[in-house]
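A.B. asks: What follows is model-v7.txt; its format and atoms are compact mmCIF, C-alpha atoms.
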# COMPACT_ATOMS: atom_id res chain seq x y z
CA MET A 1 -5.63 6.20 -13.65
CA THR A 2 -8.30 8.46 -15.05
CA ALA A 3 -9.12 10.97 -12.36
CA ALA A 4 -5.86 12.91 -12.49
CA ASP A 5 -7.25 15.31 -15.04
CA GLU A 6 -10.55 15.78 -13.28
CA LEU A 7 -9.19 17.92 -10.49
CA PRO A 8 -11.88 20.54 -9.95
CA ALA A 9 -10.53 23.93 -10.95
CA ASP A 10 -11.86 25.56 -7.81
CA GLU A 11 -10.08 23.29 -5.32
CA HIS A 12 -7.09 25.59 -5.11
CA ALA A 13 -9.14 28.74 -5.23
CA ALA A 14 -11.19 27.54 -2.28
CA LEU A 15 -8.15 27.39 -0.01
CA PRO A 16 -7.65 30.06 2.61
CA ALA A 17 -4.81 32.40 1.70
CA ASP A 18 -2.42 31.11 4.35
CA GLU A 19 -2.41 27.61 2.85
CA HIS A 20 0.01 28.89 0.26
CA ALA A 21 2.44 29.92 2.95
CA GLU A 22 3.23 26.21 3.32
CA LEU A 23 4.57 26.08 -0.19
CA PRO A 24 8.34 26.32 -0.46
CA ALA A 25 9.76 29.74 -1.20
CA ASP A 26 13.37 29.14 -2.10
CA GLU A 27 15.17 26.53 -4.12
CA HIS A 28 16.39 24.55 -1.16
CA ALA A 29 12.96 24.31 0.41
CA GLU A 30 11.55 23.24 -2.92
CA LEU A 31 13.62 20.09 -2.75
CA TRP A 32 12.53 18.97 0.70
CA LEU A 33 9.02 18.44 1.95
CA ALA A 34 7.50 21.05 4.21
CA PRO A 35 6.66 19.71 7.70
CA GLY A 36 2.94 19.48 6.89
CA GLN A 37 3.64 17.69 3.63
CA LEU A 38 6.02 15.31 5.35
CA ALA A 39 3.45 14.45 8.02
CA SER A 40 0.81 13.69 5.39
CA TRP A 41 3.27 11.68 3.32
CA LEU A 42 4.31 9.60 6.34
CA SER A 43 0.63 8.95 7.04
CA VAL A 44 0.26 7.67 3.48
CA VAL A 45 3.39 5.53 3.89
CA ARG A 46 1.94 4.02 7.08
CA LEU A 47 -1.27 3.28 5.25
CA ILE A 48 0.32 1.61 2.24
CA THR A 49 2.60 -0.43 4.51
CA ARG A 50 0.24 -1.49 7.25
CA LEU A 51 -3.16 -1.76 5.60
CA PRO A 52 -2.07 -4.51 3.18
CA TRP A 53 -0.42 -6.24 6.12
CA ALA A 54 -3.61 -6.04 8.20
CA ILE A 55 -5.77 -7.36 5.37
CA ASP A 56 -3.36 -10.15 4.58
CA THR A 57 -3.32 -11.12 8.24
CA GLN A 58 -7.12 -11.32 8.38
CA LEU A 59 -7.38 -13.31 5.17
CA GLN A 60 -4.54 -15.68 6.01
CA ARG A 61 -6.00 -16.32 9.44
CA ASP A 62 -9.62 -16.76 8.35
CA ALA A 63 -9.25 -18.21 4.86
CA ASP A 64 -5.60 -19.12 4.22
CA LEU A 65 -5.54 -16.65 1.32
CA SER A 66 -3.45 -13.56 0.59
CA MET A 67 -5.10 -10.29 -0.39
CA ILE A 68 -4.14 -10.72 -4.05
CA GLU A 69 -5.29 -14.32 -4.11
CA TYR A 70 -8.62 -13.19 -2.70
CA MET A 71 -8.91 -10.35 -5.21
CA THR A 72 -8.03 -12.63 -8.08
CA MET A 73 -10.77 -15.09 -7.18
CA ALA A 74 -13.25 -12.28 -6.47
CA MET A 75 -12.67 -10.78 -9.93
CA LEU A 76 -13.13 -14.16 -11.57
CA GLY A 77 -16.28 -14.77 -9.56
CA GLU A 78 -17.83 -11.60 -10.97
CA ALA A 79 -16.79 -12.24 -14.57
CA PRO A 80 -19.08 -13.86 -17.20
CA GLN A 81 -18.60 -17.65 -17.15
CA ARG A 82 -16.25 -16.96 -14.22
CA THR A 83 -13.55 -16.64 -16.85
CA MET A 84 -11.05 -13.88 -17.59
CA ARG A 85 -7.98 -13.50 -19.73
CA MET A 86 -4.86 -13.51 -17.60
CA SER A 87 -3.85 -10.10 -18.99
CA ASP A 88 -7.21 -8.55 -17.98
CA LEU A 89 -6.97 -10.20 -14.60
CA ALA A 90 -3.50 -8.74 -14.08
CA GLU A 91 -4.83 -5.31 -14.91
CA ARG A 92 -7.82 -5.65 -12.58
CA THR A 93 -5.79 -6.98 -9.67
CA SER A 94 -2.97 -4.43 -10.08
CA SER A 95 -0.56 -7.30 -10.54
CA SER A 96 2.21 -7.86 -13.01
CA LEU A 97 1.58 -10.75 -15.40
CA SER A 98 4.54 -12.75 -14.12
CA ARG A 99 3.47 -12.30 -10.52
CA LEU A 100 -0.09 -13.24 -11.41
CA SER A 101 1.10 -16.39 -13.19
CA HIS A 102 2.84 -17.64 -10.06
CA LEU A 103 -0.17 -16.81 -7.96
CA VAL A 104 -2.66 -18.47 -10.29
CA LYS A 105 -0.46 -21.55 -10.42
CA ARG A 106 -0.68 -21.84 -6.63
CA LEU A 107 -4.46 -21.43 -6.75
CA GLU A 108 -4.55 -24.03 -9.52
CA ASN A 109 -2.63 -26.46 -7.30
CA ARG A 110 -5.25 -25.93 -4.61
CA GLY A 111 -8.03 -26.72 -7.08
CA TYR A 112 -9.65 -23.27 -7.00
CA ILE A 113 -8.78 -22.15 -10.52
CA ARG A 114 -7.84 -23.70 -13.83
CA ARG A 115 -6.14 -22.19 -16.85
CA GLU A 116 -6.70 -22.95 -20.51
CA ALA A 117 -5.89 -21.44 -23.88
CA ASP A 118 -8.55 -18.94 -24.95
CA PRO A 119 -10.72 -20.92 -27.45
CA ALA A 120 -11.24 -17.73 -29.47
CA ASP A 121 -7.54 -16.87 -29.69
CA GLY A 122 -4.92 -19.39 -28.59
CA ARG A 123 -2.33 -16.69 -27.96
CA PHE A 124 -4.21 -15.77 -24.80
CA THR A 125 -4.62 -17.77 -21.62
CA ASN A 126 -7.87 -17.76 -19.67
CA ALA A 127 -8.23 -18.28 -15.94
CA ILE A 128 -11.47 -19.91 -14.77
CA LEU A 129 -12.85 -20.08 -11.25
CA LEU A 130 -13.78 -23.67 -10.36
CA PRO A 131 -16.65 -24.73 -8.04
CA ALA A 132 -14.17 -25.35 -5.21
CA GLY A 133 -12.95 -21.79 -5.70
CA ARG A 134 -16.52 -20.48 -5.56
CA ARG A 135 -17.15 -22.31 -2.33
CA LYS A 136 -13.89 -20.96 -0.93
CA MET A 137 -15.00 -17.41 -1.75
CA GLU A 138 -18.46 -17.96 -0.28
CA SER A 139 -16.90 -18.93 3.02
CA ALA A 140 -14.15 -16.27 2.95
CA ALA A 141 -16.11 -13.23 1.78
CA PRO A 142 -18.30 -12.38 4.80
CA ALA A 143 -15.43 -11.99 7.29
CA HIS A 144 -13.32 -10.14 4.75
CA VAL A 145 -16.06 -7.66 3.86
CA ALA A 146 -16.84 -7.12 7.53
CA TYR A 147 -13.17 -6.36 8.18
CA ILE A 148 -12.90 -3.89 5.31
CA ARG A 149 -16.08 -2.20 6.53
CA GLN A 150 -14.66 -1.91 10.02
CA LEU A 151 -11.30 -0.49 8.92
CA VAL A 152 -12.24 1.65 5.96
CA ILE A 153 -15.78 1.79 4.59
CA ASP A 154 -17.77 2.38 7.76
CA ASN A 155 -14.88 4.30 9.35
CA LEU A 156 -15.11 7.13 6.81
CA SER A 157 -18.19 9.09 5.79
CA PRO A 158 -19.42 8.28 2.26
CA GLU A 159 -18.05 11.62 1.11
CA ARG A 160 -14.63 11.05 2.67
CA LEU A 161 -14.46 7.56 1.23
CA ARG A 162 -15.32 8.83 -2.21
CA ARG A 163 -12.68 11.56 -1.97
CA LEU A 164 -10.06 9.14 -0.72
CA GLY A 165 -10.75 6.96 -3.73
CA GLN A 166 -10.44 9.95 -6.04
CA ASP A 167 -7.21 11.11 -4.44
CA ALA A 168 -5.84 7.57 -4.69
CA ASP A 169 -6.75 7.54 -8.40
CA ARG A 170 -4.92 10.82 -8.90
CA ILE A 171 -1.75 9.38 -7.38
CA VAL A 172 -1.98 6.05 -9.17
CA GLY A 173 -2.61 7.93 -12.41
CA ARG A 174 0.87 9.39 -12.11
CA ILE A 175 2.56 6.04 -11.70
CA ASP A 176 4.19 4.81 -14.83
CA SER A 177 3.68 1.08 -14.63
CA PRO A 178 4.86 -1.50 -17.14
CA ALA A 179 1.71 -3.55 -16.52
CA ARG A 180 -0.51 -0.81 -17.89
CA MET B 1 -23.09 -16.58 -4.08
CA ASN B 2 -23.87 -13.64 -1.86
CA GLU B 3 -27.32 -14.88 -0.95
CA GLU B 4 -26.07 -18.32 -0.05
CA ALA B 5 -23.47 -16.82 2.22
CA ASP B 6 -26.14 -14.60 3.73
CA ARG B 7 -28.21 -17.58 4.70
CA ALA B 8 -25.23 -19.40 6.14
CA GLY B 9 -24.09 -16.60 8.46
CA GLU B 10 -25.83 -15.62 11.67
CA GLU B 11 -25.93 -12.00 10.64
CA PRO B 12 -26.69 -10.86 7.13
CA VAL B 13 -23.54 -9.67 5.41
CA LYS B 14 -23.52 -6.00 4.47
CA TRP B 15 -21.94 -6.31 1.03
CA LEU B 16 -20.21 -3.30 -0.46
CA THR B 17 -22.31 -1.05 -2.67
CA ALA B 18 -21.00 -0.34 -6.18
CA GLY B 19 -19.69 3.05 -5.05
CA GLU B 20 -18.01 1.64 -1.96
CA LEU B 21 -16.41 -1.09 -4.02
CA GLU B 22 -15.10 1.43 -6.52
CA SER B 23 -13.48 3.54 -3.79
CA TRP B 24 -12.09 0.45 -2.12
CA LEU B 25 -10.53 -0.79 -5.35
CA SER B 26 -8.97 2.64 -5.85
CA LEU B 27 -7.41 2.32 -2.43
CA VAL B 28 -6.23 -1.21 -3.21
CA ARG B 29 -4.59 0.05 -6.39
CA LEU B 30 -2.84 2.72 -4.35
CA MET B 31 -1.60 0.09 -1.89
CA MET B 32 -0.26 -2.05 -4.71
CA TRP B 33 1.25 0.55 -7.03
CA LEU B 34 2.61 3.23 -4.75
CA PRO B 35 5.05 1.02 -2.79
CA TRP B 36 6.04 -0.59 -6.10
CA SER B 37 6.78 2.77 -7.70
CA ILE B 38 8.73 4.07 -4.70
CA ASP B 39 10.75 0.86 -4.58
CA GLN B 40 11.49 1.05 -8.31
CA GLN B 41 12.88 4.54 -8.03
CA LEU B 42 14.95 3.80 -4.93
CA GLN B 43 16.33 0.50 -6.22
CA ARG B 44 17.26 2.04 -9.55
CA ASP B 45 18.93 5.11 -8.09
CA SER B 46 20.37 3.75 -4.85
CA LYS B 47 19.85 -0.01 -4.45
CA LEU B 48 17.65 0.66 -1.41
CA GLY B 49 14.12 -0.55 -0.71
CA MET B 50 11.43 1.78 0.64
CA VAL B 51 11.77 0.52 4.21
CA GLU B 52 15.58 0.62 4.02
CA TYR B 53 15.38 4.23 2.97
CA GLN B 54 13.01 4.94 5.83
CA VAL B 55 15.44 3.33 8.27
CA LEU B 56 18.25 5.63 7.15
CA ALA B 57 15.95 8.68 7.13
CA MET B 58 14.51 8.01 10.59
CA LEU B 59 17.98 7.44 12.08
CA SER B 60 19.32 10.63 10.49
CA LYS B 61 16.65 12.67 12.29
CA SER B 62 17.27 11.07 15.69
CA PRO B 63 19.60 12.38 18.40
CA GLU B 64 23.09 10.85 17.95
CA ARG B 65 21.61 9.26 14.81
CA THR B 66 20.60 6.41 17.12
CA LEU B 67 17.32 4.60 17.79
CA ARG B 68 16.34 1.48 19.63
CA MET B 69 15.45 -1.27 17.18
CA SER B 70 11.96 -1.49 18.69
CA SER B 71 11.33 2.23 18.13
CA LEU B 72 12.73 1.99 14.64
CA ALA B 73 10.33 -0.87 13.91
CA VAL B 74 7.36 1.28 14.90
CA LEU B 75 8.60 4.27 12.90
CA THR B 76 9.19 2.23 9.76
CA ASN B 77 6.03 0.11 10.05
CA ALA B 78 8.10 -3.06 10.01
CA SER B 79 7.95 -6.07 12.27
CA LEU B 80 10.97 -6.43 14.54
CA SER B 81 12.03 -9.62 12.78
CA ARG B 82 11.77 -8.06 9.34
CA LEU B 83 13.64 -4.99 10.57
CA SER B 84 16.42 -7.16 12.00
CA HIS B 85 17.05 -8.80 8.62
CA LEU B 86 16.92 -5.49 6.88
CA VAL B 87 19.26 -3.71 9.30
CA LYS B 88 21.67 -6.63 9.02
CA ARG B 89 21.87 -6.05 5.28
CA LEU B 90 22.41 -2.32 5.82
CA GLU B 91 25.11 -3.20 8.36
CA GLU B 92 26.88 -5.37 5.79
CA ARG B 93 26.90 -2.38 3.46
CA GLY B 94 28.40 -0.24 6.20
CA LEU B 95 25.43 2.13 6.33
CA VAL B 96 24.22 1.24 9.83
CA ARG B 97 25.76 -0.43 12.85
CA ARG B 98 24.13 -2.08 15.84
CA GLU B 99 25.24 -2.18 19.45
CA PRO B 100 23.66 -2.97 22.81
CA ASP B 101 21.98 0.00 24.50
CA PRO B 102 24.64 1.17 27.03
CA ALA B 103 21.85 2.10 29.45
CA ASP B 104 20.06 -1.24 29.21
CA GLY B 105 21.77 -4.19 27.53
CA ARG B 106 18.46 -5.92 26.80
CA PHE B 107 17.86 -3.39 24.04
CA THR B 108 19.75 -3.01 20.79
CA HIS B 109 20.54 0.32 19.19
CA ALA B 110 20.77 0.99 15.48
CA ILE B 111 23.15 3.80 14.59
CA LEU B 112 23.54 5.56 11.26
CA THR B 113 27.20 5.55 10.20
CA GLU B 114 28.97 8.42 8.43
CA GLU B 115 28.78 6.37 5.27
CA GLY B 116 25.04 5.86 5.83
CA LEU B 117 24.51 9.57 6.25
CA GLN B 118 26.55 10.20 3.12
CA THR B 119 24.43 7.70 1.16
CA LEU B 120 21.19 9.21 2.44
CA THR B 121 22.37 12.69 1.47
CA GLU B 122 23.12 11.44 -2.02
CA VAL B 123 19.89 9.57 -2.61
CA ALA B 124 17.39 11.84 -0.84
CA PRO B 125 17.00 14.46 -3.58
CA ALA B 126 15.89 11.96 -6.24
CA HIS B 127 13.57 10.24 -3.77
CA VAL B 128 11.97 13.48 -2.64
CA ALA B 129 11.58 14.57 -6.26
CA HIS B 130 9.82 11.26 -7.00
CA VAL B 131 7.48 11.62 -4.02
CA ARG B 132 6.77 15.17 -5.13
CA SER B 133 5.94 14.15 -8.67
CA LEU B 134 3.61 11.37 -7.55
CA ILE B 135 1.83 13.01 -4.65
CA ILE B 136 2.76 16.46 -3.51
CA ASP B 137 2.46 18.04 -6.94
CA VAL B 138 -0.67 16.04 -7.83
CA LEU B 139 -2.78 16.90 -4.81
CA SER B 140 -3.63 20.35 -3.57
CA PRO B 141 -2.47 21.10 -0.01
CA GLU B 142 -6.03 20.46 1.19
CA GLN B 143 -6.31 17.19 -0.74
CA LEU B 144 -2.96 16.07 0.65
CA ARG B 145 -4.06 16.88 4.18
CA ARG B 146 -7.35 15.03 3.83
CA VAL B 147 -5.59 11.97 2.42
CA GLY B 148 -3.27 12.04 5.42
CA ARG B 149 -6.22 12.37 7.80
CA ALA B 150 -8.14 9.54 6.16
CA ALA B 151 -5.03 7.38 6.33
CA ASP B 152 -4.62 8.17 10.05
CA ARG B 153 -8.26 7.34 10.66
CA ILE B 154 -7.92 3.97 8.99
CA MET B 155 -4.66 3.27 10.78
CA SER B 156 -6.26 3.98 14.14
CA ARG B 157 -8.52 0.98 13.58
CA ILE B 158 -5.68 -1.39 12.88
CA ASP B 159 -4.40 -3.36 15.80
CA ILE B 160 -0.64 -3.26 15.28
CA SER B 161 0.17 -5.14 18.46
CA GLY B 162 1.01 -8.14 16.33
CA VAL B 163 3.45 -6.24 14.12
CA SER B 164 6.44 -5.98 16.41
Represent the supplied structure as structure tokens.
C.D. replies:
Amino acid sequence: MTAADELPADEHAALPADEHAELPADEHAELWLAPGQLASWLSVVRLITRLPWAIDTQLQRDADLSMIEYMTMAMLGEAPQRTMRMSDLAERTSSSLSRLSHLVKRLENRGYIRREADPADGRFTNAILLPAGRRKMESAAPAHVAYIRQLVIDNLSPERLRRLGQDADRIVGRIDSPAR
Amino acid sequence: MNEEADRAGEEPVKWLTAGELESWLSLVRLMMWLPWSIDQQLQRDSKLGMVEYQVLAMLSKSPERTLRMSSLAVLTNASLSRLSHLVKRLEERGLVRREPDPADGRFTHAILTEEGLQTLTEVAPAHVAHVRSLIIDVLSPEQLRRVGRAADRIMSRIDISGVS
């Protein structure tokens, strides 16, 4: 969301000359992806399709939670008074407000979260993590963190991880989302 | 919370550092927003979802525009049951048809119809332009390659035996 403009100016300059040969020369080629581009794109597609699936599978199996449910409760757990406005929570969990409302309702039915009008401004709704929700997170977090470490964090060098995050930010920064 | 959980587990939990968490959340945002954005564009311009588009694209590149359903599932990252539903919908729209593998009736083939090829040809330019604007034009060739490599590395750790 922010990193798109921070592309170091020397990244392109540092490329060997033949890298540019991959770039399309004529109008037709400009439309389609070059083979190298296509391979990288399909790798990204695999990642965005299968990684959420893998994480959901782990969380459902070990904690009966989806990835977004887990993230929602994790964000609340870190917030002061374990309370956040629904709109901030939607932003932090990359969720639309309507999707988040459904999700929070389900967590409310399970006794993990409650909602109330913001005492400071009744136009806003706050979500609050309840003690049962805290206990749920305490039991769910260790296996989840270990799984993320295994798949991603410990699987990439710190430098590669950092760069992947930056590249992800660059892409997400281009996405025109109604929730932001 | 973290310390309590530490005491409860046999092994101390290696929590994410602030930097690791930041990178992870960037990746999570990518996983949430990128499929959403691709779907938006495809639905708006062609009433196709991302996986539906992939089904048509993968079939178009295959000999006789034909693939076994099980191979198609692997190529489109879908479970076989999800793919079956999805191909059924494409079949109802006349874009794909299914028939038993003539060589081995236990397998089912998915085949791209003329109409499916026509549809793909119509919708591909806008889709490719969208992918370009989000990714290819945003990352340098080297950045794009390293994203692809990191993605492959992560994928190699995922046990997909349960997918199909």
A.B. asks: For a test of reading the model, state the distance in Å between CA of Arg146 in chain B and CA of Thr93 in chain A, rounded to one decimal.
C.D. replies: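 Taking CA of Arg146 in chain B as the start and CA of Thr93 in chain A as the end point, the length is 25.9 Å.
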A.B. asks: May I ask you to extract the residues of chain B within 7 Å of chain A, using only C-alpha atoms, and to give them as an mmCIF file with C-alpha atoms, keeping the file's coordinate frame?
C.D. replies:
data_model
loop_
_atom_site.group_PDB
_atom_site.id
_atom_site.type_symbol
_atom_site.label_atom_id
_atom_site.label_comp_id
_atom_site.auth_asym_id
_atom_site.auth_seq_id
_atom_site.Cartn_x
_atom_site.Cartn_y
_atom_site.Cartn_z
ATOM 1 C CA MET B 1 -23.090 -16.580 -4.080
ATOM 2 C CA ALA B 5 -23.470 -16.820 2.220
ATOM 3 C CA VAL B 13 -23.540 -9.670 5.410
ATOM 4 C CA TRP B 15 -21.940 -6.310 1.030
ATOM 5 C CA GLU B 20 -18.010 1.640 -1.960
ATOM 6 C CA SER B 23 -13.480 3.540 -3.790
ATOM 7 C CA TRP B 24 -12.090 0.450 -2.120
ATOM 8 C CA SER B 26 -8.970 2.640 -5.850
ATOM 9 C CA LEU B 27 -7.410 2.320 -2.430
ATOM 10 C CA ARG B 29 -4.590 0.050 -6.390
ATOM 11 C CA LEU B 30 -2.840 2.720 -4.350
ATOM 12 C CA MET B 31 -1.600 0.090 -1.890
ATOM 13 C CA MET B 32 -0.260 -2.050 -4.710
ATOM 14 C CA TRP B 33 1.250 0.550 -7.030
ATOM 15 C CA LEU B 34 2.610 3.230 -4.750
ATOM 16 C CA PRO B 35 5.050 1.020 -2.790
ATOM 17 C CA SER B 37 6.780 2.770 -7.700
ATOM 18 C CA ASN B 77 6.030 0.110 10.050
ATOM 19 C CA PRO B 125 17.000 14.460 -3.580
ATOM 20 C CA VAL B 128 11.970 13.480 -2.640
ATOM 21 C CA ALA B 129 11.580 14.570 -6.260
ATOM 22 C CA LEU B 134 3.610 11.370 -7.550
ATOM 23 C CA ILE B 135 1.830 13.010 -4.650
ATOM 24 C CA VAL B 138 -0.670 16.040 -7.830
ATOM 25 C CA SER B 140 -3.630 20.350 -3.570
ATOM 26 C CA LEU B 144 -2.960 16.070 0.650
ATOM 27 C CA ARG B 145 -4.060 16.880 4.180
ATOM 28 C CA VAL B 147 -5.590 11.970 2.420
ATOM 29 C CA GLY B 148 -3.270 12.040 5.420
ATOM 30 C CA ALA B 151 -5.030 7.380 6.330
ATOM 31 C CA ASP B 152 -4.620 8.170 10.050
ATOM 32 C CA ILE B 154 -7.920 3.970 8.990
ATOM 33 C CA MET B 155 -4.660 3.270 10.780
ATOM 34 C CA ARG B 157 -8.520 0.980 13.580
ATOM 35 C CA ILE B 158 -5.680 -1.390 12.880
#
A.B. asks: Smallest atom-to-atom distance to Arg106 in chain B: which of B:Ser70, B:Ser84, B:Ser62, B:Ser133, using all atoms listed in the file?
C.D. replies: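 Ranked by minimum distance to Arg106 in chain B, first place goes to B:Ser70.
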A.B. asks: Would you list the contacts of Met73 in chain A as a ChimeraX atom specification, taking every protein, DNA or RNA residue within 10 Å and counting all atoms listed in the file, but skipping same-chain residues closer than 3 positions in sequence?
C.D. replies: /A:68-70,76-79,82,89,93,104,107,112-113,127-130,133-134,136-137
A.B. asks: Limited to C-alpha atoms, could you put the picked residues into a file as a PDB file, in the frame of the given file?
C.D. replies:
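Result file follows (part.pdb):
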ATOM      1  CA  ILE A  68      -4.140 -10.720  -4.050  1.00  0.00           C
ATOM      2  CA  GLU A  69      -5.290 -14.320  -4.110  1.00  0.00           C
ATOM      3  CA  TYR A  70      -8.620 -13.190  -2.700  1.00  0.00           C
ATOM      4  CA  LEU A  76     -13.130 -14.160 -11.570  1.00  0.00           C
ATOM      5  CA  GLY A  77     -16.280 -14.770  -9.560  1.00  0.00           C
ATOM      6  CA  GLU A  78     -17.830 -11.600 -10.970  1.00  0.00           C
ATOM      7  CA  ALA A  79     -16.790 -12.240 -14.570  1.00  0.00           C
ATOM      8  CA  ARG A  82     -16.250 -16.960 -14.220  1.00  0.00           C
ATOM      9  CA  LEU A  89      -6.970 -10.200 -14.600  1.00  0.00           C
ATOM     10  CA  THR A  93      -5.790  -6.980  -9.670  1.00  0.00           C
ATOM     11  CA  VAL A 104      -2.660 -18.470 -10.290  1.00  0.00           C
ATOM     12  CA  LEU A 107      -4.460 -21.430  -6.750  1.00  0.00           C
ATOM     13  CA  TYR A 112      -9.650 -23.270  -7.000  1.00  0.00           C
ATOM     14  CA  ILE A 113      -8.780 -22.150 -10.520  1.00  0.00           C
ATOM     15  CA  ALA A 127      -8.230 -18.280 -15.940  1.00  0.00           C
ATOM     16  CA  ILE A 128     -11.470 -19.910 -14.770  1.00  0.00           C
ATOM     17  CA  LEU A 129     -12.850 -20.080 -11.250  1.00  0.00           C
ATOM     18  CA  LEU A 130     -13.780 -23.670 -10.360  1.00  0.00           C
ATOM     19  CA  GLY A 133     -12.950 -21.790  -5.700  1.00  0.00           C
ATOM     20  CA  ARG A 134     -16.520 -20.480  -5.560  1.00  0.00           C
ATOM     21  CA  LYS A 136     -13.890 -20.960  -0.930  1.00  0.00           C
ATOM     22  CA  MET A 137     -15.000 -17.410  -1.750  1.00  0.00           C
TER      23      MET A 137
END
A.B. asks: Quote the spacing between CA of Arg68 in chain B and CA of Ser81 in chain B in Å to one decimal place.
C.D. replies: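 Taking CA of Arg68 in chain B as the start and CA of Ser81 in chain B as the end point, the length is 13.7 Å.
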A.B. asks: Quick one: distance from CA of Asp39 in chain B to CA of Ala124 in chain B in Å, one decimal?
C.D. replies: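 So the two atoms, CA of Asp39 in chain B and CA of Ala124 in chain B, lie 13.4 Å apart.
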A.B. asks: Near Ile111 in chain B, counting only C-alpha atoms, which residues have an atom at most 6 Å away, once you skip same-chain residues fewer than 3 positions from it, shown as an MDAnalysis selection string?
C.D. replies: chainID B and resid 65:66 96:97
A.B. asks: Contacts of Ile38 in chain B at 8 Å or less, counting only C-alpha atoms, minus same-chain residues fewer than 6 places along, as JSON, numbers by chain?
C.D. replies: {"B": [50, 127, 130, 131]}
A.B. asks: Write the selection just made, keeping C-alpha atoms, as a short mmCIF file (atom, residue, chain, number, x, y, z; two decimals), in the frame of the given file?
C.D. replies:
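For reference, out_12.cif as written:
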data_model
loop_
_atom_site.label_atom_id
_atom_site.label_comp_id
_atom_site.auth_asym_id
_atom_site.auth_seq_id
_atom_site.Cartn_x
_atom_site.Cartn_y
_atom_site.Cartn_z
CA MET B 50 11.43 1.78 0.64
CA HIS B 127 13.57 10.24 -3.77
CA HIS B 130 9.82 11.26 -7.00
CA VAL B 131 7.48 11.62 -4.02
#
A.B. asks: Show me, as a PDB file with C-alpha atoms, in the coordinates of the input, the residues that have an atom within 12 Å of Glu64 in chain B when counting all atoms listed in the file, minus same-chain residues fewer than 5 positions from it.
C.D. replies:
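What landed in selection-v1.pdb:
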ATOM      1  CA  MET B  58      14.510   8.010  10.590  1.00  0.00           C
ATOM      2  CA  LEU B  59      17.980   7.440  12.080  1.00  0.00           C
ATOM      3  CA  HIS B 109      20.540   0.320  19.190  1.00  0.00           C
ATOM      4  CA  ALA B 110      20.770   0.990  15.480  1.00  0.00           C
ATOM      5  CA  ILE B 111      23.150   3.800  14.590  1.00  0.00           C
ATOM      6  CA  LEU B 112      23.540   5.560  11.260  1.00  0.00           C
ATOM      7  CA  THR B 113      27.200   5.550  10.200  1.00  0.00           C
ATOM      8  CA  GLU B 114      28.970   8.420   8.430  1.00  0.00           C
ATOM      9  CA  LEU B 117      24.510   9.570   6.250  1.00  0.00           C
TER      10      LEU B 117
END
A.B. asks: Using only C-alpha atoms, can you tell me which of B:Glu122, B:Glu115, B:Asp159, B:Glu99 comes closest to Asp45 in chain B?
C.D. replies: B:Glu122
A.B. asks: Here is a test: counting all atoms listed in the file, which residue of A:Glu159, A:Ala74, A:Ala90, A:Thr83 is nearest to Pro119 in chain A?
C.D. replies: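 Residue with the minimum atom-to-atom distance to Pro119 in chain A: A:Thr83.
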A.B. asks: Using all atoms listed in the file, find the one residue out of B:Gln54, B:Gln41, B:Ser71, B:Ser79 that sits nearest to Thr108 in chain B.
C.D. replies: B:Ser71
A.B. asks: Using only C-alpha atoms, which residues sit within 8 Å of Glu52 in chain B once same-chain residues fewer than 6 positions away are excluded, as a PyMOL selection string?
C.D. replies: chain B and resi 86-87+90
A.B. asks: Please output range 136-146 of chain A, rebuilt to include N, CA and C atoms, as a PDB file, in the coordinates of the input.
C.D. replies:
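Below is the file that was written, rebuild-v1.pdb:
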ATOM      1  N   LYS A 136     -14.909 -21.615  -1.757  1.00  0.00           N
ATOM      2  CA  LYS A 136     -13.890 -20.960  -0.930  1.00  0.00           C
ATOM      3  C   LYS A 136     -14.255 -19.489  -0.735  1.00  0.00           C
ATOM      4  N   MET A 137     -14.655 -18.829  -1.820  1.00  0.00           N
ATOM      5  CA  MET A 137     -15.000 -17.410  -1.750  1.00  0.00           C
ATOM      6  C   MET A 137     -16.257 -17.199  -0.920  1.00  0.00           C
ATOM      7  N   GLU A 138     -17.223 -18.104  -1.061  1.00  0.00           N
ATOM      8  CA  GLU A 138     -18.460 -17.960  -0.280  1.00  0.00           C
ATOM      9  C   GLU A 138     -18.167 -18.011   1.205  1.00  0.00           C
ATOM     10  N   SER A 139     -17.193 -18.831   1.581  1.00  0.00           N
ATOM     11  CA  SER A 139     -16.900 -18.930   3.020  1.00  0.00           C
ATOM     12  C   SER A 139     -15.965 -17.797   3.470  1.00  0.00           C
ATOM     13  N   ALA A 140     -15.131 -17.291   2.551  1.00  0.00           N
ATOM     14  CA  ALA A 140     -14.150 -16.270   2.950  1.00  0.00           C
ATOM     15  C   ALA A 140     -14.718 -14.856   2.929  1.00  0.00           C
ATOM     16  N   ALA A 141     -15.675 -14.607   2.031  1.00  0.00           N
ATOM     17  CA  ALA A 141     -16.110 -13.230   1.780  1.00  0.00           C
ATOM     18  C   ALA A 141     -16.728 -12.518   2.990  1.00  0.00           C
ATOM     19  N   PRO A 142     -17.632 -13.153   3.732  1.00  0.00           N
ATOM     20  CA  PRO A 142     -18.300 -12.380   4.800  1.00  0.00           C
ATOM     21  C   PRO A 142     -17.338 -11.761   5.809  1.00  0.00           C
ATOM     22  N   ALA A 143     -16.364 -12.528   6.295  1.00  0.00           N
ATOM     23  CA  ALA A 143     -15.430 -11.990   7.290  1.00  0.00           C
ATOM     24  C   ALA A 143     -14.547 -10.915   6.674  1.00  0.00           C
ATOM     25  N   HIS A 144     -14.185 -11.109   5.412  1.00  0.00           N
ATOM     26  CA  HIS A 144     -13.320 -10.140   4.750  1.00  0.00           C
ATOM     27  C   HIS A 144     -14.053  -8.804   4.557  1.00  0.00           C
ATOM     28  N   VAL A 145     -15.280  -8.887   4.078  1.00  0.00           N
ATOM     29  CA  VAL A 145     -16.060  -7.660   3.860  1.00  0.00           C
ATOM     30  C   VAL A 145     -16.314  -6.958   5.188  1.00  0.00           C
ATOM     31  N   ALA A 146     -16.605  -7.735   6.219  1.00  0.00           N
ATOM     32  CA  ALA A 146     -16.840  -7.120   7.530  1.00  0.00           C
ATOM     33  C   ALA A 146     -15.583  -6.393   8.010  1.00  0.00           C
TER      34      ALA A 146
END
